[in-house]
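**Q** Let me give you the structure first, and then I'll get to my questions.
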Amino acid sequence: VHLALGWACWKAYLGRPDRDWNRCRAMQTLAGAVRSSQAEVALPMYAANLALIRRHWSCLEDVILAAQSNLSACLQSVGRDDEALGLNREIYASCVAMLGVSHDYTIATGYRLARSLCKLGLVEETKIFLRDQLLPVARRSLGADHDLTLKLN
């Protein structure tokens with residue numbers, strides 16, 4: 001059902017110009033629907049979506065971060081973990097600069113970065129990042145009993 005809705009959404013907005021926001025969202029919706037069953041097919045859709053957003057809506061930093069996060073997750077789904085790690089580092093750095101280290105979205109992107117590091121076997125770097133940077137901020141900002149803080153432990 002999700003895939004059928006994604007294709008219907010894309011078909012409805014396909015003929016519109018690149019600059020049309022609904023067309024951009026339709027591409028994102030289709031990529032999300034395709035990713036669940038065919039991540040390798042969704043990957044170029046996410047890449048095109050990010051390029052489109054950067055070209056026409058470069059001032060919308062939060063939208064760019066969301067598109068980068070989608071692309072990173074898809075890269076991991078197809079086993080391109082090195083590329084996903086690089087993108088996760090970029091996303092985390094952007095969140096820190098834009099939102100600050102204490103923002104819940106920054107902490108969530110830090111968690112995804114730590115998972116990427118760990119997946120590539122960079123255990124020591126993961127420990128240092130969690131122990132020295134992410135966990136103290138999560139405890140202070142979210143509280144020790146928050147779900148995300150507990151995942152970081």
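Starting from 1 in every chain, residues are counted up; chains themselves are A, B, ... following the order of the structure tokens, and ligands are numbered from 1 as listed.
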Could you give me the residues within chain A that DSSP places in helix (DSSP H, G or I), as a ChimeraX atom specification?
**A** /A:2-13,21-35,39-56,61-77,81-99,104-119,123-142,147-152
**Q** List as a list in words the protein and nucleic acid residues near Lys119 (chain A), meaning an atom at most 10 Å away when only C-alpha atoms are counted, but skip any in the same chain fewer than 6 places from it.
**A**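 The contact residues come out as Gln76, Asp81, Asp82, Leu85, Leu113 and Thr126 of chain A.
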**Q** Using only N, CA and C atoms, please write the residues we just selected to a file, as an mmCIF file, in the first residue's frame.
**A**
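Here's the written file selection-v9.cif:
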data_model
loop_
_atom_site.group_PDB
_atom_site.id
_atom_site.type_symbol
_atom_site.label_atom_id
_atom_site.label_comp_id
_atom_site.auth_asym_id
_atom_site.auth_seq_id
_atom_site.Cartn_x
_atom_site.Cartn_y
_atom_site.Cartn_z
ATOM 1 N N GLN A 76 23.407 3.055 4.257
ATOM 2 C CA GLN A 76 23.649 1.949 5.188
ATOM 3 C C GLN A 76 22.848 0.712 4.787
ATOM 4 N N ASP A 81 28.627 1.624 4.054
ATOM 5 C CA ASP A 81 28.768 2.154 5.404
ATOM 6 C C ASP A 81 29.807 3.262 5.520
ATOM 7 N N ASP A 82 30.883 3.193 4.734
ATOM 8 C CA ASP A 82 31.893 4.256 4.779
ATOM 9 C C ASP A 82 31.303 5.594 4.337
ATOM 10 N N LEU A 85 28.947 6.876 6.985
ATOM 11 C CA LEU A 85 29.679 7.457 8.114
ATOM 12 C C LEU A 85 30.094 8.889 7.804
ATOM 13 N N LEU A 113 25.464 8.719 14.444
ATOM 14 C CA LEU A 113 26.903 8.750 14.153
ATOM 15 C C LEU A 113 27.628 7.675 14.952
ATOM 16 N N THR A 126 34.203 5.333 18.963
ATOM 17 C CA THR A 126 32.818 5.330 19.441
ATOM 18 C C THR A 126 32.765 5.565 20.946
#
**Q** Identify which of the residues A:Leu135, A:Val123, A:Ala26, A:Ala144 lies closest to Tyr13 (chain A), counting only C-alpha atoms when measuring atom-to-atom distances.
**A**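 So, comparing all the options, the nearest one is A:Ala26.
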**Q** Write out as JSON, numbers by chain the residues lying within 12 Å of region 88-98 of chain A, counting only C-alpha atoms and excluding same-chain residues fewer than 5 positions away.
**A** {"A": [60, 61, 62, 63, 64, 65, 66, 67, 68, 69, 70, 71, 72, 73, 74, 75, 76, 81, 82, 83, 103, 104, 105, 106, 107, 108, 109, 110, 111, 112, 113, 114, 115, 116, 117, 129, 133, 134, 137]}
**Q** Can you tell me which residues surround region 55-59 of chain A at a distance of at most 10 Å, considering only C-alpha atoms, apart from same-chain residues fewer than 2 positions away, and format the answer as a short mmCIF file (atom, residue, chain, number, x, y, z; two decimals) with C-alpha atoms, in the first residue's frame?
**A**
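Dumped everything to out.cif:
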data_model
loop_
_atom_site.label_atom_id
_atom_site.label_comp_id
_atom_site.auth_asym_id
_atom_site.auth_seq_id
_atom_site.Cartn_x
_atom_site.Cartn_y
_atom_site.Cartn_z
CA ASP A 18 11.85 21.14 -10.42
CA ARG A 19 11.24 24.15 -8.21
CA ASP A 20 7.78 22.91 -7.17
CA TRP A 21 7.91 21.92 -3.49
CA CYS A 24 10.18 17.47 -4.29
CA ASN A 49 16.11 14.69 -3.85
CA LEU A 50 19.03 16.06 -1.83
CA ALA A 51 20.54 17.69 -4.95
CA LEU A 52 17.16 19.26 -5.78
CA ILE A 53 16.76 20.65 -2.27
CA GLU A 61 18.99 23.88 6.48
CA ASP A 62 16.62 21.65 8.46
CA VAL A 63 15.19 20.23 5.24
CA ILE A 64 18.70 19.59 3.94
#
**Q** Using only C-alpha atoms, which of A:Asn22, A:Gln28, A:Asn153, A:Ser102 sits nearest Met45 (chain A)?
**A**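 Nearest candidate to Met45 (chain A) out of A:Asn22, A:Gln28, A:Asn153, A:Ser102: A:Gln28.
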**Q** Please compute the CA of Ala33 (chain A)-CA of Asp147 (chain A) distance, one decimal, in Å.
**A** 27.1 Å
**Q** Name the closest residue to Thr29 (chain A) among the candidates A:Arg16, A:His2, A:Arg54, A:His146; distances are taken between atoms, counting only C-alpha atoms.
**A** A:His2
**Q** Could you name the residues that touch Val41 (chain A) at 12 Å or less, counting only C-alpha atoms, but leaving out those on the same chain fewer than 2 positions away, as a PyMOL selection string?
**A** chain A and resi 30-39+43-48+74-75+77-78
**Q** Those selected residues, please, written with N, CA, C and O atoms and delivered as a short mmCIF file (atom, residue, chain, number, x, y, z; two decimals), in the first residue's frame.
**A**
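The file below, result_32.cif, is the result:
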data_model
loop_
_atom_site.label_atom_id
_atom_site.label_comp_id
_atom_site.auth_asym_id
_atom_site.auth_seq_id
_atom_site.Cartn_x
_atom_site.Cartn_y
_atom_site.Cartn_z
N LEU A 30 8.12 8.80 -2.60
CA LEU A 30 8.37 7.61 -3.41
C LEU A 30 9.64 6.90 -2.96
O LEU A 30 9.65 5.68 -2.80
N ALA A 31 10.70 7.65 -2.72
CA ALA A 31 11.96 7.03 -2.27
C ALA A 31 11.76 6.28 -0.96
O ALA A 31 12.26 5.16 -0.80
N GLY A 32 11.02 6.87 -0.04
CA GLY A 32 10.75 6.21 1.23
C GLY A 32 9.96 4.93 1.06
O GLY A 32 10.22 3.93 1.73
N ALA A 33 9.02 4.94 0.15
CA ALA A 33 8.22 3.74 -0.10
C ALA A 33 9.04 2.65 -0.78
O ALA A 33 8.94 1.48 -0.43
N VAL A 34 9.88 3.04 -1.72
CA VAL A 34 10.70 2.06 -2.45
C VAL A 34 11.78 1.48 -1.55
O VAL A 34 12.12 0.30 -1.65
N ARG A 35 12.33 2.29 -0.66
CA ARG A 35 13.45 1.86 0.19
C ARG A 35 13.14 0.62 1.01
O ARG A 35 14.01 -0.23 1.24
N SER A 36 11.90 0.49 1.46
CA SER A 36 11.57 -0.66 2.31
C SER A 36 11.76 -2.00 1.61
O SER A 36 12.07 -2.99 2.25
N SER A 37 11.62 -2.02 0.28
CA SER A 37 11.79 -3.29 -0.43
C SER A 37 12.98 -3.30 -1.38
O SER A 37 13.50 -4.36 -1.69
N GLN A 38 13.41 -2.13 -1.85
CA GLN A 38 14.49 -2.05 -2.83
C GLN A 38 15.36 -0.83 -2.55
O GLN A 38 15.31 0.16 -3.26
N ALA A 39 16.19 -0.93 -1.53
CA ALA A 39 17.01 0.22 -1.13
C ALA A 39 17.94 0.68 -2.24
O ALA A 39 18.18 1.88 -2.40
N LEU A 43 18.14 4.61 -3.58
CA LEU A 43 19.36 5.41 -3.36
C LEU A 43 19.49 6.58 -4.34
O LEU A 43 19.69 7.72 -3.91
N PRO A 44 19.38 6.36 -5.65
CA PRO A 44 19.49 7.52 -6.56
C PRO A 44 18.34 8.51 -6.39
O PRO A 44 18.50 9.70 -6.65
N MET A 45 17.19 8.03 -5.93
CA MET A 45 16.07 8.94 -5.67
C MET A 45 16.40 9.87 -4.51
O MET A 45 16.15 11.08 -4.58
N TYR A 46 16.97 9.31 -3.44
CA TYR A 46 17.36 10.14 -2.30
C TYR A 46 18.47 11.12 -2.69
O TYR A 46 18.46 12.28 -2.27
N ALA A 47 19.42 10.66 -3.49
CA ALA A 47 20.51 11.54 -3.94
C ALA A 47 19.97 12.68 -4.80
O ALA A 47 20.37 13.84 -4.64
N ALA A 48 19.05 12.36 -5.71
CA ALA A 48 18.44 13.39 -6.56
C ALA A 48 17.61 14.36 -5.72
O ALA A 48 17.63 15.58 -5.96
N CYS A 74 19.76 5.18 3.76
CA CYS A 74 19.69 4.33 2.56
C CYS A 74 21.07 3.78 2.19
O CYS A 74 21.19 2.62 1.81
N LEU A 75 22.10 4.61 2.33
CA LEU A 75 23.47 4.14 2.09
C LEU A 75 23.80 2.96 3.00
O LEU A 75 24.40 1.97 2.56
N SER A 77 21.64 0.91 4.28
CA SER A 77 20.81 -0.22 3.87
C SER A 77 21.43 -1.02 2.73
O SER A 77 21.20 -2.21 2.62
N VAL A 78 22.20 -0.34 1.88
CA VAL A 78 22.83 -1.04 0.75
C VAL A 78 24.28 -1.41 1.05
O VAL A 78 25.00 -1.84 0.15
#
**Q** How many Å separate CA of Gly86 (chain A) from CA of Lys151 (chain A)?
**A**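 One can read the CA of Gly86 (chain A) to CA of Lys151 (chain A) distance as 22.1 Å.
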**Q** Can you measure CA of Leu130 (chain A) to CA of Thr149 (chain A) for me? One decimal in Å is fine.
**A** 10.5 Å
